[in-house]
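Have a look at protein01.pdb; it's PDB, C-alpha atoms:
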```
ATOM      1  CA  MET D   1      21.997 -10.285  74.676  1.00  0.00           C
ATOM      2  CA  ASN D   2      22.354 -10.900  70.961  1.00  0.00           C
ATOM      3  CA  TYR D   3      20.185  -9.139  68.413  1.00  0.00           C
ATOM      4  CA  ILE D   4      19.869 -11.240  65.288  1.00  0.00           C
ATOM      5  CA  ILE D   5      18.962  -8.978  62.384  1.00  0.00           C
ATOM      6  CA  PHE D   6      17.928 -11.286  59.565  1.00  0.00           C
ATOM      7  CA  ASP D   7      16.326 -11.467  56.175  1.00  0.00           C
ATOM      8  CA  LEU D   8      15.126 -14.386  54.100  1.00  0.00           C
ATOM      9  CA  GLU D   9      14.617 -14.934  50.416  1.00  0.00           C
ATOM     10  CA  ALA D  10      12.167 -17.576  49.282  1.00  0.00           C
ATOM     11  CA  THR D  11      11.012 -19.325  46.163  1.00  0.00           C
ATOM     12  CA  CYS D  12       8.630 -17.068  44.276  1.00  0.00           C
ATOM     13  CA  TRP D  13       6.497 -16.912  41.152  1.00  0.00           C
ATOM     14  CA  ARG D  14       4.209 -14.482  39.430  1.00  0.00           C
ATOM     15  CA  GLY D  15       0.923 -15.361  41.084  1.00  0.00           C
ATOM     16  CA  ARG D  16       0.452 -18.238  43.511  1.00  0.00           C
ATOM     17  CA  PRO D  17       3.235 -20.689  44.275  1.00  0.00           C
ATOM     18  CA  PRO D  18       2.731 -24.300  43.098  1.00  0.00           C
ATOM     19  CA  GLY D  19       0.955 -26.137  45.902  1.00  0.00           C
ATOM     20  CA  ASN D  20       0.883 -22.835  47.817  1.00  0.00           C
ATOM     21  CA  VAL D  21       4.349 -23.652  49.184  1.00  0.00           C
ATOM     22  CA  GLN D  22       7.146 -21.108  49.406  1.00  0.00           C
ATOM     23  CA  GLU D  23      10.496 -22.245  50.745  1.00  0.00           C
ATOM     24  CA  ILE D  24      13.484 -20.336  52.033  1.00  0.00           C
ATOM     25  CA  ILE D  25      16.371 -20.252  49.562  1.00  0.00           C
ATOM     26  CA  GLU D  26      18.678 -17.778  51.331  1.00  0.00           C
ATOM     27  CA  ILE D  27      19.294 -16.673  54.926  1.00  0.00           C
ATOM     28  CA  GLY D  28      21.302 -13.554  55.683  1.00  0.00           C
ATOM     29  CA  ALA D  29      21.871 -12.180  59.185  1.00  0.00           C
ATOM     30  CA  TYR D  30      23.894  -9.826  61.359  1.00  0.00           C
ATOM     31  CA  ARG D  31      24.574 -10.604  65.026  1.00  0.00           C
ATOM     32  CA  ILE D  32      24.719  -7.416  67.084  1.00  0.00           C
ATOM     33  CA  ASN D  33      25.681  -7.330  70.751  1.00  0.00           C
ATOM     34  CA  SER D  34      24.193  -5.266  73.580  1.00  0.00           C
ATOM     35  CA  TYR D  35      26.633  -2.428  72.795  1.00  0.00           C
ATOM     36  CA  ALA D  36      25.204  -2.061  69.258  1.00  0.00           C
ATOM     37  CA  GLU D  37      28.331  -3.575  67.725  1.00  0.00           C
ATOM     38  CA  VAL D  38      28.249  -5.985  64.806  1.00  0.00           C
ATOM     39  CA  GLU D  39      29.847  -9.204  65.962  1.00  0.00           C
ATOM     40  CA  ASP D  40      29.396 -11.463  62.952  1.00  0.00           C
ATOM     41  CA  THR D  41      27.440 -12.167  59.775  1.00  0.00           C
ATOM     42  CA  PHE D  42      25.750 -15.261  58.385  1.00  0.00           C
ATOM     43  CA  ALA D  43      24.907 -15.976  54.741  1.00  0.00           C
ATOM     44  CA  ARG D  44      23.773 -19.331  53.370  1.00  0.00           C
ATOM     45  CA  PHE D  45      21.800 -20.701  50.461  1.00  0.00           C
ATOM     46  CA  VAL D  46      19.156 -23.349  51.069  1.00  0.00           C
ATOM     47  CA  LEU D  47      18.221 -26.072  48.608  1.00  0.00           C
ATOM     48  CA  PRO D  48      14.404 -26.096  48.388  1.00  0.00           C
ATOM     49  CA  LYS D  49      12.690 -29.463  48.838  1.00  0.00           C
ATOM     50  CA  VAL D  50       9.223 -29.098  47.287  1.00  0.00           C
ATOM     51  CA  ASN D  51       9.854 -26.806  44.301  1.00  0.00           C
ATOM     52  CA  SER D  52      13.567 -27.261  43.722  1.00  0.00           C
ATOM     53  CA  ILE D  53      13.678 -25.412  40.386  1.00  0.00           C
ATOM     54  CA  LEU D  54      13.655 -21.607  40.725  1.00  0.00           C
ATOM     55  CA  SER D  55      11.176 -19.780  38.533  1.00  0.00           C
ATOM     56  CA  PRO D  56      12.502 -17.252  36.006  1.00  0.00           C
ATOM     57  CA  PHE D  57      10.642 -14.583  38.043  1.00  0.00           C
ATOM     58  CA  CYS D  58      12.471 -15.612  41.236  1.00  0.00           C
ATOM     59  CA  LYS D  59      15.886 -15.621  39.572  1.00  0.00           C
ATOM     60  CA  GLN D  60      15.238 -12.185  38.103  1.00  0.00           C
ATOM     61  CA  LEU D  61      13.837 -10.692  41.325  1.00  0.00           C
ATOM     62  CA  THR D  62      16.532 -11.995  43.657  1.00  0.00           C
ATOM     63  CA  GLY D  63      19.490 -12.405  41.346  1.00  0.00           C
ATOM     64  CA  ILE D  64      19.942 -15.866  42.885  1.00  0.00           C
ATOM     65  CA  SER D  65      20.903 -18.537  40.375  1.00  0.00           C
ATOM     66  CA  GLN D  66      19.822 -22.152  40.225  1.00  0.00           C
ATOM     67  CA  GLU D  67      23.469 -23.137  40.695  1.00  0.00           C
ATOM     68  CA  GLN D  68      23.685 -21.187  43.963  1.00  0.00           C
ATOM     69  CA  VAL D  69      20.694 -22.951  45.522  1.00  0.00           C
ATOM     70  CA  ASN D  70      21.835 -26.305  44.118  1.00  0.00           C
ATOM     71  CA  ARG D  71      25.071 -25.843  46.087  1.00  0.00           C
ATOM     72  CA  GLY D  72      23.077 -24.985  49.219  1.00  0.00           C
ATOM     73  CA  LYS D  73      22.377 -27.443  52.001  1.00  0.00           C
ATOM     74  CA  SER D  74      18.984 -28.746  53.063  1.00  0.00           C
ATOM     75  CA  PHE D  75      16.897 -26.498  55.315  1.00  0.00           C
ATOM     76  CA  ASP D  76      17.394 -28.656  58.421  1.00  0.00           C
ATOM     77  CA  LYS D  77      21.196 -28.424  58.090  1.00  0.00           C
ATOM     78  CA  VAL D  78      21.242 -24.688  57.327  1.00  0.00           C
ATOM     79  CA  ILE D  79      18.844 -23.874  60.157  1.00  0.00           C
ATOM     80  CA  GLN D  80      21.044 -25.827  62.584  1.00  0.00           C
ATOM     81  CA  ASP D  81      24.067 -23.858  61.343  1.00  0.00           C
ATOM     82  CA  PHE D  82      22.058 -20.642  61.806  1.00  0.00           C
ATOM     83  CA  GLN D  83      21.019 -21.529  65.361  1.00  0.00           C
ATOM     84  CA  ASP D  84      24.609 -22.441  66.245  1.00  0.00           C
ATOM     85  CA  TRP D  85      25.882 -19.187  64.719  1.00  0.00           C
ATOM     86  CA  ALA D  86      23.201 -17.121  66.516  1.00  0.00           C
ATOM     87  CA  LEU D  87      24.127 -18.837  69.817  1.00  0.00           C
ATOM     88  CA  ILE D  88      20.491 -19.839  70.305  1.00  0.00           C
ATOM     89  CA  GLY D  89      20.273 -21.902  73.450  1.00  0.00           C
ATOM     90  CA  GLU D  90      23.550 -20.474  74.738  1.00  0.00           C
ATOM     91  CA  GLU D  91      22.733 -16.775  75.136  1.00  0.00           C
ATOM     92  CA  ASP D  92      19.663 -14.555  75.232  1.00  0.00           C
ATOM     93  CA  TYR D  93      18.642 -13.382  71.789  1.00  0.00           C
ATOM     94  CA  THR D  94      16.051 -11.359  69.921  1.00  0.00           C
ATOM     95  CA  LEU D  95      15.256 -12.127  66.296  1.00  0.00           C
ATOM     96  CA  ILE D  96      14.511  -9.005  64.250  1.00  0.00           C
ATOM     97  CA  SER D  97      13.211  -8.644  60.700  1.00  0.00           C
ATOM     98  CA  TRP D  98      11.572  -5.995  58.498  1.00  0.00           C
ATOM     99  CA  GLY D  99       7.904  -6.979  58.355  1.00  0.00           C
ATOM    100  CA  ASN D 100       6.278 -10.192  59.494  1.00  0.00           C
ATOM    101  CA  GLN D 101       6.777 -12.347  56.391  1.00  0.00           C
ATOM    102  CA  ASP D 102      10.157 -13.706  57.499  1.00  0.00           C
ATOM    103  CA  GLN D 103       8.793 -15.091  60.770  1.00  0.00           C
ATOM    104  CA  LYS D 104       6.060 -16.888  58.819  1.00  0.00           C
ATOM    105  CA  LEU D 105       8.628 -18.298  56.388  1.00  0.00           C
ATOM    106  CA  PHE D 106      10.799 -19.597  59.253  1.00  0.00           C
ATOM    107  CA  GLN D 107       7.853 -21.242  60.965  1.00  0.00           C
ATOM    108  CA  ASN D 108       6.438 -22.735  57.749  1.00  0.00           C
ATOM    109  CA  ASP D 109       9.793 -24.179  56.684  1.00  0.00           C
ATOM    110  CA  CYS D 110      10.399 -25.561  60.173  1.00  0.00           C
ATOM    111  CA  LYS D 111       7.036 -27.334  60.001  1.00  0.00           C
ATOM    112  CA  LEU D 112       7.655 -28.563  56.444  1.00  0.00           C
ATOM    113  CA  HIS D 113      11.023 -30.029  57.441  1.00  0.00           C
ATOM    114  CA  ARG D 114       9.842 -31.217  60.869  1.00  0.00           C
ATOM    115  CA  VAL D 115      12.233 -28.952  62.755  1.00  0.00           C
ATOM    116  CA  ASP D 116      11.355 -27.305  66.075  1.00  0.00           C
ATOM    117  CA  HIS D 117      10.106 -23.772  65.429  1.00  0.00           C
ATOM    118  CA  THR D 118       9.590 -22.470  68.970  1.00  0.00           C
ATOM    119  CA  TRP D 119      12.968 -20.692  68.800  1.00  0.00           C
ATOM    120  CA  ALA D 120      11.567 -18.507  65.962  1.00  0.00           C
ATOM    121  CA  GLU D 121       8.447 -17.314  67.773  1.00  0.00           C
ATOM    122  CA  GLY D 122       8.196 -13.687  68.804  1.00  0.00           C
ATOM    123  CA  VAL D 123      10.271 -12.192  65.987  1.00  0.00           C
ATOM    124  CA  VAL D 124      10.362  -8.414  66.361  1.00  0.00           C
ATOM    125  CA  ASN D 125       8.879  -6.628  63.355  1.00  0.00           C
ATOM    126  CA  LEU D 126      11.166  -3.590  63.140  1.00  0.00           C
ATOM    127  CA  LYS D 127       9.052  -2.111  60.355  1.00  0.00           C
ATOM    128  CA  ASP D 128       6.137  -1.619  62.780  1.00  0.00           C
ATOM    129  CA  ASP D 129       8.422  -0.244  65.496  1.00  0.00           C
ATOM    130  CA  TYR D 130      10.032   2.134  62.973  1.00  0.00           C
ATOM    131  CA  ILE D 131       6.587   3.448  61.966  1.00  0.00           C
ATOM    132  CA  ARG D 132       5.660   4.031  65.624  1.00  0.00           C
ATOM    133  CA  LEU D 133       9.032   5.597  66.441  1.00  0.00           C
ATOM    134  CA  HIS D 134       8.623   8.143  63.657  1.00  0.00           C
ATOM    135  CA  LYS D 135       4.846   8.552  64.068  1.00  0.00           C
ATOM    136  CA  MET D 136       4.309   7.713  60.419  1.00  0.00           C
ATOM    137  CA  LEU D 137       0.925   7.052  58.840  1.00  0.00           C
ATOM    138  CA  LYS D 138       2.124   4.746  56.072  1.00  0.00           C
ATOM    139  CA  PRO D 139       4.771   2.032  56.140  1.00  0.00           C
ATOM    140  CA  LEU D 140       7.942   2.252  54.096  1.00  0.00           C
ATOM    141  CA  GLY D 141       9.863  -0.427  52.302  1.00  0.00           C
ATOM    142  CA  LEU D 142      13.322  -1.177  53.645  1.00  0.00           C
ATOM    143  CA  LYS D 143      15.141   0.693  50.875  1.00  0.00           C
ATOM    144  CA  ALA D 144      12.994   3.806  51.374  1.00  0.00           C
ATOM    145  CA  ALA D 145      13.575   3.700  55.146  1.00  0.00           C
ATOM    146  CA  VAL D 146      17.349   3.331  54.687  1.00  0.00           C
ATOM    147  CA  GLU D 147      17.411   6.303  52.318  1.00  0.00           C
ATOM    148  CA  ARG D 148      15.125   8.306  54.640  1.00  0.00           C
ATOM    149  CA  GLU D 149      17.788   7.857  57.323  1.00  0.00           C
ATOM    150  CA  GLY D 150      20.428   9.332  55.025  1.00  0.00           C
ATOM    151  CA  TYR D 151      22.163   6.058  54.211  1.00  0.00           C
ATOM    152  CA  GLU D 152      22.863   4.592  50.826  1.00  0.00           C
ATOM    153  CA  PHE D 153      21.270   1.190  50.302  1.00  0.00           C
ATOM    154  CA  THR D 154      24.254  -1.120  49.930  1.00  0.00           C
ATOM    155  CA  GLY D 155      24.318  -4.441  48.133  1.00  0.00           C
ATOM    156  CA  GLU D 156      21.464  -5.859  46.120  1.00  0.00           C
ATOM    157  CA  GLN D 157      17.791  -5.558  46.985  1.00  0.00           C
ATOM    158  CA  HIS D 158      16.082  -8.905  47.561  1.00  0.00           C
ATOM    159  CA  ARG D 159      19.299 -10.553  48.663  1.00  0.00           C
ATOM    160  CA  ALA D 160      19.169 -11.717  52.252  1.00  0.00           C
ATOM    161  CA  ILE D 161      22.607 -10.586  53.421  1.00  0.00           C
ATOM    162  CA  SER D 162      22.235  -7.156  51.778  1.00  0.00           C
ATOM    163  CA  ASP D 163      18.789  -6.590  53.249  1.00  0.00           C
ATOM    164  CA  ALA D 164      20.062  -7.696  56.678  1.00  0.00           C
ATOM    165  CA  GLU D 165      23.021  -5.293  56.387  1.00  0.00           C
ATOM    166  CA  ASN D 166      20.756  -2.371  55.549  1.00  0.00           C
ATOM    167  CA  LEU D 167      18.290  -3.249  58.303  1.00  0.00           C
ATOM    168  CA  ALA D 168      21.201  -3.390  60.757  1.00  0.00           C
ATOM    169  CA  LYS D 169      22.028   0.244  59.891  1.00  0.00           C
ATOM    170  CA  ILE D 170      18.565   1.365  60.992  1.00  0.00           C
ATOM    171  CA  PHE D 171      18.605  -0.889  64.055  1.00  0.00           C
ATOM    172  CA  ILE D 172      21.970   0.445  65.248  1.00  0.00           C
ATOM    173  CA  LYS D 173      21.066   4.095  64.573  1.00  0.00           C
ATOM    174  CA  TYR D 174      18.080   3.908  66.939  1.00  0.00           C
ATOM    175  CA  PHE D 175      19.500   1.210  69.210  1.00  0.00           C
ATOM    176  CA  SER D 176      18.546   2.846  72.505  1.00  0.00           C
ATOM    177  CA  GLU D 177      15.076   3.875  71.282  1.00  0.00           C
ATOM    178  CA  TRP D 178      13.552   0.516  70.360  1.00  0.00           C
ATOM    179  CA  PRO D 179      10.809  -0.627  72.762  1.00  0.00           C
ATOM    180  CA  PHE D 180      12.342  -4.061  73.402  1.00  0.00           C
TER
END
```

For this file, write the structure as structure tokens.
Amino acid sequence: MNYIIFDLEATCWRGRPPGNVQEIIEIGAYRINSYAEVEDTFARFVLPKVNSILSPFCKQLTGISQEQVNRGKSFDKVIQDFQDWALIGEEDYTLISWGNQDQKLFQNDCKLHRVDHTWAEGVVNLKDDYIRLHKMLKPLGLKAAVEREGYEFTGEQHRAISDAENLAKIFIKYFSEWPF
């Protein structure tokens, strides 16, 4: 079994996106085996198709530059690289994110680019499981949860690989307690 801890960054604006379309611009992930060991990492930029120019808000929020996404590959190529890296189709896997937004982004981009999205159904929302595990009344952001666990948030917030790394810390700490 592989646990794919992932995070996505997407095009963003203050207010509504043009044409109500957000696209993935960065995928970051950690592959963790059934012994709670990190096996590998994945980090790629994606060149958006619909709104290819990043907004000033998006560049400021994520720290991702226009040059970085311009050097990225198209979504269909990156998602194939991701599936190959995650061993999807070769081994059992569980996709895990913080919140439900990343699953929606995967599915929407798959539809936009006419790529099969059935592999991305049933993403585990670790944020909900974390709330239940700790019997909390209000949800926490990822950074607050990481700090609550006594870890330092490493890397940059709103960068996919950093968010995936920090989520992996929480996942590994409670590995045997998750309900899946």

Quiz item: For Gln107 in chain D, which residue among D:Glu91, D:Ser52, D:Val123, D:Gln83 is the nearest when counting only C-alpha atoms?
Solution: D:Val123

Quiz item: Which distance in Å separates CA of Met136 in chain D and CA of Leu8 in chain D, to one decimal?
Solution: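 A separation of 25.4 Å between them.
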
Quiz item: D:Ser55, D:Asn125, D:Ser162, D:Thr41: which is nearest Leu95 in chain D, counting all atoms listed in the file?
Solution: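 Residue with the minimum atom-to-atom distance to Leu95 in chain D: D:Asn125.
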
Quiz item: Of the candidates D:Val115, D:Asp109, D:Trp178, D:Ser34, which shows the shortest atom-to-atom distance to Arg132 in chain D, using all atoms listed in the file?
Solution: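 Using all atoms listed in the file, the shortest distance to Arg132 in chain D belongs to D:Trp178.
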
Quiz item: Given the choices D:Lys49, D:Leu61, D:Ile96, D:Asn2, which gets closest to Ser74 in chain D if the distance is worked out from only C-alpha atoms?
Solution: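 Using only C-alpha atoms, Ser74 in chain D sits closest to D:Lys49.
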
Quiz item: What residues come out when you apply the PyMOL selection byres ((chain D and resi 82) around 12) to this file, written as number ranges by chain?
Solution: D: 4, 6, 26-31, 40-46, 73, 75-81, 83-89, 95, 106, 119-120

Quiz item: When the PyMOL selection byres ((chain D and resi 171) around 10) is applied to the file above, which residues end up in the set, as a VMD selection string?
Solution: chain D and resid 3 5 32 36 96 126 130 165 to 170 172 to 178

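Coordinates place CA of Gln68 in chain D at a distance of 13.0 Å from CA of Ile24 in chain D.
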
Quiz item: When you draw a straight line from CA of Lys111 in chain D to CA of Leu142 in chain D, how long is it in Å?
Solution: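 Distance between the two atoms: 27.6 Å.
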
Quiz item: Hey, which of D:Lys127, D:Arg16, D:Lys59, D:His113 ends up closest to Ala145 in chain D? Count only C-alpha atoms.
Solution: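 Closest candidate: D:Lys127.
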
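You can rank D:Ile53, D:Ala164, D:Cys110, D:Val124 by their closest distance to Lys143 in chain D using only C-alpha atoms, and at the top of that list sits D:Ala164.
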
Any chance you could export range 54-97 of chain D with C-alpha atoms, as a PDB file, in the first residue's frame?
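decode.pdb, written as the output of this step:
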```
ATOM      1  CA  LEU D  54      -0.422  34.336 -13.090  1.00  0.00           C
ATOM      2  CA  SER D  55      -2.119  37.177 -11.266  1.00  0.00           C
ATOM      3  CA  PRO D  56      -0.007  39.407  -9.008  1.00  0.00           C
ATOM      4  CA  PHE D  57      -2.102  38.051  -6.092  1.00  0.00           C
ATOM      5  CA  CYS D  58      -1.220  34.448  -7.011  1.00  0.00           C
ATOM      6  CA  LYS D  59       2.491  35.183  -7.351  1.00  0.00           C
ATOM      7  CA  GLN D  60       2.506  36.941  -3.991  1.00  0.00           C
ATOM      8  CA  LEU D  61       0.462  34.264  -2.193  1.00  0.00           C
ATOM      9  CA  THR D  62       2.375  31.258  -3.500  1.00  0.00           C
ATOM     10  CA  GLY D  63       5.776  32.713  -4.255  1.00  0.00           C
ATOM     11  CA  ILE D  64       5.554  30.937  -7.623  1.00  0.00           C
ATOM     12  CA  SER D  65       6.901  32.979 -10.517  1.00  0.00           C
ATOM     13  CA  GLN D  66       5.610  33.217 -14.058  1.00  0.00           C
ATOM     14  CA  GLU D  67       8.934  31.782 -15.237  1.00  0.00           C
ATOM     15  CA  GLN D  68       8.476  28.670 -13.082  1.00  0.00           C
ATOM     16  CA  VAL D  69       5.060  27.839 -14.543  1.00  0.00           C
ATOM     17  CA  ASN D  70       6.250  28.733 -18.050  1.00  0.00           C
ATOM     18  CA  ARG D  71       8.914  26.029 -17.659  1.00  0.00           C
ATOM     19  CA  GLY D  72       6.272  23.557 -16.463  1.00  0.00           C
ATOM     20  CA  LYS D  73       4.705  20.925 -18.673  1.00  0.00           C
ATOM     21  CA  SER D  74       1.062  20.700 -19.683  1.00  0.00           C
ATOM     22  CA  PHE D  75      -1.339  19.172 -17.157  1.00  0.00           C
ATOM     23  CA  ASP D  76      -1.808  15.937 -19.122  1.00  0.00           C
ATOM     24  CA  LYS D  77       1.961  15.298 -19.154  1.00  0.00           C
ATOM     25  CA  VAL D  78       2.491  16.212 -15.491  1.00  0.00           C
ATOM     26  CA  ILE D  79      -0.469  14.133 -14.333  1.00  0.00           C
ATOM     27  CA  GLN D  80       0.891  11.129 -16.249  1.00  0.00           C
ATOM     28  CA  ASP D  81       4.274  11.656 -14.566  1.00  0.00           C
ATOM     29  CA  PHE D  82       2.473  11.885 -11.205  1.00  0.00           C
ATOM     30  CA  GLN D  83       0.508   8.673 -11.777  1.00  0.00           C
ATOM     31  CA  ASP D  84       3.679   6.856 -12.850  1.00  0.00           C
ATOM     32  CA  TRP D  85       5.546   8.170  -9.796  1.00  0.00           C
ATOM     33  CA  ALA D  86       2.671   7.224  -7.446  1.00  0.00           C
ATOM     34  CA  LEU D  87       2.601   3.714  -8.986  1.00  0.00           C
ATOM     35  CA  ILE D  88      -1.108   4.119  -9.720  1.00  0.00           C
ATOM     36  CA  GLY D  89      -2.270   1.034 -11.542  1.00  0.00           C
ATOM     37  CA  GLU D  90       0.681  -0.974 -10.238  1.00  0.00           C
ATOM     38  CA  GLU D  91       0.084  -0.961  -6.477  1.00  0.00           C
ATOM     39  CA  ASP D  92      -2.727  -0.158  -4.066  1.00  0.00           C
ATOM     40  CA  TYR D  93      -2.756   3.486  -3.071  1.00  0.00           C
ATOM     41  CA  THR D  94      -4.628   6.054  -1.022  1.00  0.00           C
ATOM     42  CA  LEU D  95      -4.546   9.718  -1.987  1.00  0.00           C
ATOM     43  CA  ILE D  96      -4.506  12.042   1.027  1.00  0.00           C
ATOM     44  CA  SER D  97      -4.841  15.820   1.224  1.00  0.00           C
TER      45      SER D  97
END
```
